[in-house]
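To start, the structure under review is shown below, and the notes come after it.
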There are 2 protein chains.
Amino acid sequence: MSQTSDVPCHFTPPPVLSKFSQRRTWASDQPISFLMQQGVENPQCISLAAGLVDPVTLPVDTVQSAVAELLRTESAARECLQYGTTQGSERLRRQIVQLIAQMEQRPDLACDDVLDNLILTTGSQQLLSLVCEVLFDPGDICLVAAPTYFVFLGTLAGVGARAISIDSDEQGMKIDSLEEELSRIEQAGELSRVKLIYTVDYYDNPAGTTLSLERRQALLDVARRWSRDHRLLILEDAAYRELRYDGPELPSIWSLDETREYVILAQTFSKSFSPGIRVGHGLVPRELVSPICDRKGNEDFGSPHFTQQLLATVIESGRYRDHVARLCQRYRVKCDAMLAAAKKYFSDIPQTAWIEPDGGLYVWLTAPPQIDTSFSGPLFSRAVEEGMMYVPGDFCFTGPYASRPRQYMRLSFGVQDEAGIDEGMRRLSVAMRSCISSSPSGRGHG
Amino acid sequence: MSQTSDVPCHFTPPPVLSKFSQRRTWASDQPISFLMQQGVENPQCISLAAGLVDPVTLPVDTVQSAVAELLRTESAARECLQYGTTQGSERLRRQIVQLIAQMEQRPDLACDDVLDNLILTTGSQQLLSLVCEVLFDPGDICLVAAPTYFVFLGTLAGVGARAISIDSDEQGMKIDSLEEELSRIEQAGELSRVKLIYTVDYYDNPAGTTLSLERRQALLDVARRWSRDHRLLILEDAAYRELRYDGPELPSIWSLDETREYVILAQTFSKSFSPGIRVGHGLVPRELVSPICDRKGNEDFGSPHFTQQLLATVIESGRYRDHVARLCQRYRVKCDAMLAAAKKYFSDIPQTAWIEPDGGLYVWLTAPPQIDTSFSGPLFSRAVEEGMMYVPGDFCFTGPYASRPRQYMRLSFGVQDEAGIDEGMRRLSVAMRSCISSSPSGRGHG
């Protein structure tokens with residue numbers, strides 16, 4: 001392109017690049033970008049990678065009638081098109097407090113005290129990000145399960161925090177491992193840097209596991225006991241809580257913390273209703289309300305008021321509850337389809353295993369030890385050749401890339417229908433058998 | 001509240017408070033919080049403080065019909081309720097590129113090159129915040145006009161950046177003052193810390209001024225010439241651009257920068273359509289797209305897809321253009337009402353002055369020198385007693401609180417109707433006369 005005429009002719013473009021902040025470096029190279037790119041480049045693939053919700057479940061009619069209702073009265077219509085507040089619509093916050101009290105089967109929780117500590121965000125991701133912003137200085141520590149939600153690992157990296165993994169099993173994060181790690185950190189003189197324990201305690205993304213009731217209480221006790229020169233907080237990410245297909249309705253860790261001092265409870269309507277309206281929320285200890293709202297004031301001074309009021313109308317009408325019930329029916333069938341396909345295609349592959357989730361969107365599959373499931377290993381490209389995609393499990397672990405386990409895959413039954421799930425699993429099994437037969441230790445089986 | 005039964009009885013709550021990040025400290029004490037609090041505590045006041053849009057202008061019918069249209073087709077309906085992308089809906093981005101090309105009267109700008117560099121955000125505030133995140137390390141410098149948009153000063157403080165004021169007059173930031181400040185900074189050996197020049201160049205918030213065409217070009221030349229070891233960027237905040245009531249349609253600084261390397265152009269639909277849908281956007285130099293999207297990925301991985309698609313439908317239908325035309329008619333009348341009221345109530349108060357804006361929502365009023373307009377001065381509380389509120393001008397300046405000018409007020413004609421504007425201005429004049437007559441230097445006039 002040409003220069004404008006009045007630029008001095010001795011000017012030589014472009015002189016230099018912009019100088020970015022330290023934070024810019026920390027925020028680069030996110031697995032989600034890689035995965036989305038893979039999806040774009042391989043549109044013919046059956047993706048069991050995407051954590052999207054099933055499009056056929058999206059509540060088109062409900063949204064249509066709620067908008068009509070919301071805009072019917074001139075004053076209410078104008079209000080929802082005007083600025084809201086940074087903390088979010090009080091009308092929606094009241095509805096959410098009622099929902100939470102119902103989930104916990106604790107009517108006493110539907111009170112103004114809880115209402116005041118509820119903050120609405122752009123998806124629960126913004127809540128997770130804001131918590132990190134107000135807690136972590138570079139070098140501070142967050143304890144996470146191994147594996148854990150990979151987007152949150154990116155958020156931690158983005159503020160320069162260190163994520164340290166805690167072993168987990170089919171009941172979630174192992175409490176004895178957590179205590180051992182805390183002791184180790186204490187001996188290293190770094191206990192003052194530990195600010196947060198992060199847990200996806202309902203139908204974990206990625207592992208599909210649920211933290212047992214006993215461990216919920218034990219985790220809270222650990223946070224209390226290890227709070228020395230400052231409070232050690234728990235960030236309870238309950239994004240999938242309402243997608244329950246089996247097992248008991250467990251109380252949140254937040255509800256067990258009767259003093260409301262140790263637990264941040266993050267939830268979202270992205271999975272249970274619609275990701276396109278992007279309404280998430282967090283219940284936080286009282287002293288965190290101002291820090292988080294101040295920070296959100298800097299970032300966007302409030303998520304869209306319109307979608308908040310829209311959702312409040314949906315919940316008030318009773319249609320939200322009905323939608324969640326239908327959603328669980330649908331996902332239960334698809335979850336069963338994936339587990340059936342796993343049995344059908346993988347049970348005769350030695351040393352392969354998977355976890356059966358009670359809810360959520362994910363099945364965590366373990367490949368035989370000689371198989372490298374990572375992006376750079378042979379299985380991923382073989383799977384794409386066969387026409388399917390998964391999330392490589394190494395994204396979900398912390399620490400230097402070379403030291404991460406590369407034996408796992410996250411498989412989602414969110415988007416595909418039953419036939420797609422079955423075919424995707426079949427293709428994965430074909431790719432895996434092909435890798436086993438060509439791998440040094442696998443030739444004997446081939 | 002009681003402890004749960006299994007907490008050891010030697011436990012004494014609450015042991016300690018959370019330890020917050022450095023950033024939490026930087027983000028506290030924002031004027032916007034104070035102003036909102038004042039609004040809540042004095043609901044009977046006529047507020048000429050709030051920068052809200054006029055509720056009667058909010059596009060209720062347009063939104064209603066756009067939602068109906070958007071949800072009519074099942075596949076489109078599902079798409080808008082699903083996750084979007086971090087950068088934002090391509091459909092809406094195409095519409096915005098067309099709008100910008102029309103505003104600039106440059107059809108050549110409606111091209112894919114521009115489309116690729118457009119990012120959608122939660123209001124333009126999020127764009128401003130993201131720019132700060134990726135550019136500023138603590139201690140880095142941003143040059144701003146004096147006065148400037150006070151929320152942006154909070155955003156700069158939130159990332160630990162230093163804001164340095166540049167003198168401005170009725171044509172906006174003074175270019176000779178800008179050059180002098182850059183020389184001073186260079187002599188101090190800090191030129192490498194200067195990352196950004198921020199300007200609200202159309203109908204400035206708060207001063208109502210518009211940067212002249214000559215200064216637009218000169219500002220761009222300064223950015224180019226002072227780009228030494230890195231590029232010095234301009235953040236052009238054009239939030240009020242479409243609210244033009246008088247004067248010429250000026251090209252953006254962004255459009256003058258033919259190499260697209262030096263200017264970030266931030267705009268929003270909050271003022272021109274509806275703040276409740278919270279759609280803002282930024283056109284950024286190519287090398288900033290990934291840094292900003294990566295950072296947004298950490299913060300929320302995308303603003304609501306639903307409101308983006310809704311707005312795209314509105315623009316496509318031609319109703320957006322019509323709405324802006326009606327809006328300008330309405331605000332022109334209210335702007336005239338405020339200027340008439342200023343003349344009616346303030347022209348006989350010596351040493352009082354105001355700037356007549358060609359657009360936007362604000363009139364910047366200068367009080368006589370003996371009047372302290374700040375929150376802690378006598379005028380603010382007298383005005384509240386009389387039943388009106390304004391934004392104290394000192395919020396809009398940088399530097400230590402004690403050294404800031406306290407002679408100015410930002411008055412908005414956004415929310416009130418003509419009668420409210422007249423009455424609010426009358427009450428302010430009563431408060432001011434009362435302060436003048438009781439101030440030491442003013443008694444002679446009383």
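Each chain of the structure tokens is named A, B, ... in the order shown, its residues numbered from 1; ligands are numbered from 1 in display order.
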Name all residues at most 10 Å from stretch 349-351 of chain A (count only C-alpha atoms; drop same-chain ones fewer than 3 positions away) and give them as JSON, numbers by chain. {"A": [345, 346, 366, 367, 368, 369, 370, 429, 432, 433, 436, 445]}
Skipping near chain neighbours, those fewer than 4 positions away, what residues fall within 12 Å of B:Leu219 using only C-alpha atoms, listed as JSON, numbers by chain? {"A": [7], "B": [143, 172, 173, 174, 175, 176, 177, 178, 179, 196, 197, 198, 199, 201, 211, 212, 213, 214, 215, 223, 224, 225, 226, 232, 233, 234, 235, 236, 252, 253, 254, 256, 257, 262, 263]}
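Between atom CA of A:Pro206 and atom CA of A:Trp364 the interatomic distance comes to 6.5 Å.
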For B:Gly160, list every protein, DNA or RNA residue within 7 Å, evaluated using only C-alpha atoms, and leave out those in the same chain fewer than 5 positions away; present the list as a PyMOL selection string. chain B and resi 26+138-139
Residue selection dump (C-alpha atoms) as a compact mmCIF listing (two decimals), in the first residue's frame:
```
# COMPACT_ATOMS: atom_id res chain seq x y z
CA TRP B 26 -4.28 -1.27 41.31
CA PRO B 138 3.97 -2.08 35.14
CA GLY B 139 5.63 1.35 34.82
```
Restricting the calculation to only C-alpha atoms, which member of A:Asp348, A:Glu423, A:Asp229, A:Asp108 is positioned closest to chain B? A:Asp229
Return as an MDAnalysis selection string the residues belonging to chain B that are within 6 Å of chain A, counting only C-alpha atoms. chainID B and resid 16:21 24 27:28 58 78 80:83 125:126 129 134:137 155 230:231 274:278 291 294:295 298:300 304:306
Determine, counting only C-alpha atoms, which protein, DNA and RNA residues have an atom within 6 Å of an atom of B:Gln267; residues of the same chain fewer than 3 positions away are not included. Present the result as a list in words. Ser124, Ala238, Ala239, Gly280 and His281 of chain B
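One finds atom CA of B:Ser412 at 13.7 Å from atom CA of B:Asp358.
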Restricting to only C-alpha atoms, whichever of B:Leu48, B:Leu182, B:Val114, B:Val289 is closest to B:Met409 is B:Leu48
Write down as a PyMOL selection string the residues belonging to stretch 127-211 of chain B that are assigned helix (DSSP H, G or I) by DSSP computed on the backbone. chain B and resi 127-135+150-158+175-187+191-193
Dump N, CA and C atoms for the selected residues as an mmCIF file, in the first residue's frame?
```cif
data_model
loop_
_atom_site.group_PDB
_atom_site.id
_atom_site.type_symbol
_atom_site.label_atom_id
_atom_site.label_comp_id
_atom_site.auth_asym_id
_atom_site.auth_seq_id
_atom_site.Cartn_x
_atom_site.Cartn_y
_atom_site.Cartn_z
ATOM 1 N N LEU B 127 -12.161 -3.924 24.664
ATOM 2 C CA LEU B 127 -11.077 -3.732 23.699
ATOM 3 C C LEU B 127 -9.978 -2.859 24.312
ATOM 4 N N LEU B 128 -10.393 -1.752 24.956
ATOM 5 C CA LEU B 128 -9.414 -0.871 25.607
ATOM 6 C C LEU B 128 -8.604 -1.658 26.635
ATOM 7 N N SER B 129 -9.310 -2.472 27.412
ATOM 8 C CA SER B 129 -8.651 -3.260 28.458
ATOM 9 C C SER B 129 -7.670 -4.274 27.863
ATOM 10 N N LEU B 130 -8.085 -4.956 26.800
ATOM 11 C CA LEU B 130 -7.215 -5.963 26.178
ATOM 12 C C LEU B 130 -5.961 -5.312 25.594
ATOM 13 N N VAL B 131 -6.123 -4.151 24.982
ATOM 14 C CA VAL B 131 -4.962 -3.434 24.439
ATOM 15 C C VAL B 131 -3.966 -3.147 25.565
ATOM 16 N N CYS B 132 -4.497 -2.676 26.696
ATOM 17 C CA CYS B 132 -3.622 -2.393 27.841
ATOM 18 C C CYS B 132 -2.919 -3.673 28.316
ATOM 19 N N GLU B 133 -3.664 -4.774 28.368
ATOM 20 C CA GLU B 133 -3.095 -6.047 28.835
ATOM 21 C C GLU B 133 -1.911 -6.487 27.997
ATOM 22 N N VAL B 134 -2.044 -6.373 26.677
ATOM 23 C CA VAL B 134 -0.990 -6.925 25.821
ATOM 24 C C VAL B 134 0.165 -5.952 25.611
ATOM 25 N N LEU B 135 -0.044 -4.659 25.949
ATOM 26 C CA LEU B 135 1.033 -3.695 25.726
ATOM 27 C C LEU B 135 1.810 -3.324 26.978
ATOM 28 N N PHE B 150 -12.301 9.072 32.158
ATOM 29 C CA PHE B 150 -11.779 8.636 33.457
ATOM 30 C C PHE B 150 -11.780 7.116 33.640
ATOM 31 N N VAL B 151 -12.694 6.418 32.981
ATOM 32 C CA VAL B 151 -12.694 4.957 33.113
ATOM 33 C C VAL B 151 -11.405 4.377 32.519
ATOM 34 N N PHE B 152 -10.924 4.987 31.443
ATOM 35 C CA PHE B 152 -9.680 4.497 30.856
ATOM 36 C C PHE B 152 -8.493 4.739 31.782
ATOM 37 N N LEU B 153 -8.523 5.831 32.530
ATOM 38 C CA LEU B 153 -7.445 6.052 33.520
ATOM 39 C C LEU B 153 -7.433 4.910 34.540
ATOM 40 N N GLY B 154 -8.624 4.427 34.913
ATOM 41 C CA GLY B 154 -8.715 3.273 35.825
ATOM 42 C C GLY B 154 -8.148 2.012 35.188
ATOM 43 N N THR B 155 -8.431 1.828 33.908
ATOM 44 C CA THR B 155 -7.923 0.652 33.194
ATOM 45 C C THR B 155 -6.396 0.676 33.136
ATOM 46 N N LEU B 156 -5.842 1.848 32.866
ATOM 47 C CA LEU B 156 -4.375 1.980 32.862
ATOM 48 C C LEU B 156 -3.807 1.677 34.246
ATOM 49 N N ALA B 157 -4.433 2.256 35.270
ATOM 50 C CA ALA B 157 -3.961 2.011 36.638
ATOM 51 C C ALA B 157 -4.040 0.519 36.957
ATOM 52 N N GLY B 158 -5.065 -0.144 36.441
ATOM 53 C CA GLY B 158 -5.288 -1.568 36.712
ATOM 54 C C GLY B 158 -4.178 -2.473 36.211
ATOM 55 N N ILE B 175 -0.638 19.170 19.669
ATOM 56 C CA ILE B 175 0.458 18.368 19.117
ATOM 57 C C ILE B 175 1.821 18.897 19.581
ATOM 58 N N ASP B 176 1.936 20.227 19.706
ATOM 59 C CA ASP B 176 3.229 20.754 20.180
ATOM 60 C C ASP B 176 3.490 20.318 21.632
ATOM 61 N N SER B 177 2.451 20.294 22.441
ATOM 62 C CA SER B 177 2.613 19.812 23.828
ATOM 63 C C SER B 177 3.003 18.334 23.848
ATOM 64 N N LEU B 178 2.413 17.583 22.934
ATOM 65 C CA LEU B 178 2.734 16.155 22.838
ATOM 66 C C LEU B 178 4.216 15.964 22.497
ATOM 67 N N GLU B 179 4.689 16.719 21.542
ATOM 68 C CA GLU B 179 6.103 16.605 21.141
ATOM 69 C C GLU B 179 7.025 17.019 22.293
ATOM 70 N N GLU B 180 6.631 18.099 22.983
ATOM 71 C CA GLU B 180 7.440 18.552 24.126
ATOM 72 C C GLU B 180 7.516 17.469 25.199
ATOM 73 N N GLU B 181 6.393 16.830 25.457
ATOM 74 C CA GLU B 181 6.378 15.783 26.487
ATOM 75 C C GLU B 181 7.239 14.602 26.050
ATOM 76 N N LEU B 182 7.160 14.237 24.785
ATOM 77 C CA LEU B 182 7.988 13.131 24.285
ATOM 78 C C LEU B 182 9.479 13.477 24.404
ATOM 79 N N SER B 183 9.833 14.720 24.106
ATOM 80 C CA SER B 183 11.236 15.145 24.262
ATOM 81 C C SER B 183 11.676 15.041 25.721
ATOM 82 N N ARG B 184 10.800 15.498 26.600
ATOM 83 C CA ARG B 184 11.100 15.453 28.027
ATOM 84 C C ARG B 184 11.307 13.994 28.479
ATOM 85 N N ILE B 185 10.423 13.127 28.014
ATOM 86 C CA ILE B 185 10.515 11.704 28.374
ATOM 87 C C ILE B 185 11.815 11.101 27.813
ATOM 88 N N GLU B 186 12.140 11.498 26.584
ATOM 89 C CA GLU B 186 13.372 10.996 25.959
ATOM 90 C C GLU B 186 14.597 11.420 26.770
ATOM 91 N N GLN B 187 14.593 12.698 27.167
ATOM 92 C CA GLN B 187 15.718 13.198 27.970
ATOM 93 C C GLN B 187 15.820 12.455 29.297
ATOM 94 N N LEU B 191 11.953 6.880 26.964
ATOM 95 C CA LEU B 191 11.185 6.769 25.726
ATOM 96 C C LEU B 191 10.782 5.325 25.427
ATOM 97 N N SER B 192 11.637 4.390 25.833
ATOM 98 C CA SER B 192 11.327 2.980 25.563
ATOM 99 C C SER B 192 10.117 2.499 26.362
ATOM 100 N N ARG B 193 9.692 3.264 27.374
ATOM 101 C CA ARG B 193 8.509 2.871 28.150
ATOM 102 C C ARG B 193 7.210 3.407 27.558
#
```
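Atom CA of B:Ser47 is positioned 15.3 Å from atom CA of B:Leu365.
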Considering only strand (DSSP E or B) as DSSP defines it on the backbone, what residues of stretch 135-181 of chain B qualify? List them as a list in words. Ile141, Cys142, Leu143, Val144, Ala145, Ala146, Arg162, Ala163, Ile164, Ser165, Ile166, Asp167, Ser168, Asp169, Gly172 and Met173 of chain B
Restrict the selected residues to C-alpha atoms and save them as a short mmCIF file (atom, residue, chain, number, x, y, z; two decimals), in the first residue's frame.
```
data_model
loop_
_atom_site.label_atom_id
_atom_site.label_comp_id
_atom_site.auth_asym_id
_atom_site.auth_seq_id
_atom_site.Cartn_x
_atom_site.Cartn_y
_atom_site.Cartn_z
CA ILE B 141 3.67 4.97 29.84
CA CYS B 142 0.46 6.00 28.07
CA LEU B 143 0.02 9.58 26.88
CA VAL B 144 -3.51 10.93 27.30
CA ALA B 145 -5.28 14.25 26.79
CA ALA B 146 -6.04 16.49 29.76
CA ARG B 162 1.59 5.42 34.09
CA ALA B 163 -0.72 7.96 32.43
CA ILE B 164 0.90 11.25 31.44
CA SER B 165 -1.33 14.18 30.49
CA ILE B 166 -0.94 16.28 27.37
CA ASP B 167 -2.52 19.73 27.22
CA SER B 168 -5.59 20.03 25.05
CA ASP B 169 -7.77 22.84 23.76
CA GLY B 172 -8.32 18.27 21.17
CA MET B 173 -4.82 17.20 22.18
#
```
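Shell of B:Arg241 at 9 Å, with only C-alpha atoms counted and residues fewer than 4 places along the chain excluded, is Asp201, Tyr202, Tyr203, Asp237, Glu249, Gln267, Ser272, Gly359 and Gly360 of chain B.
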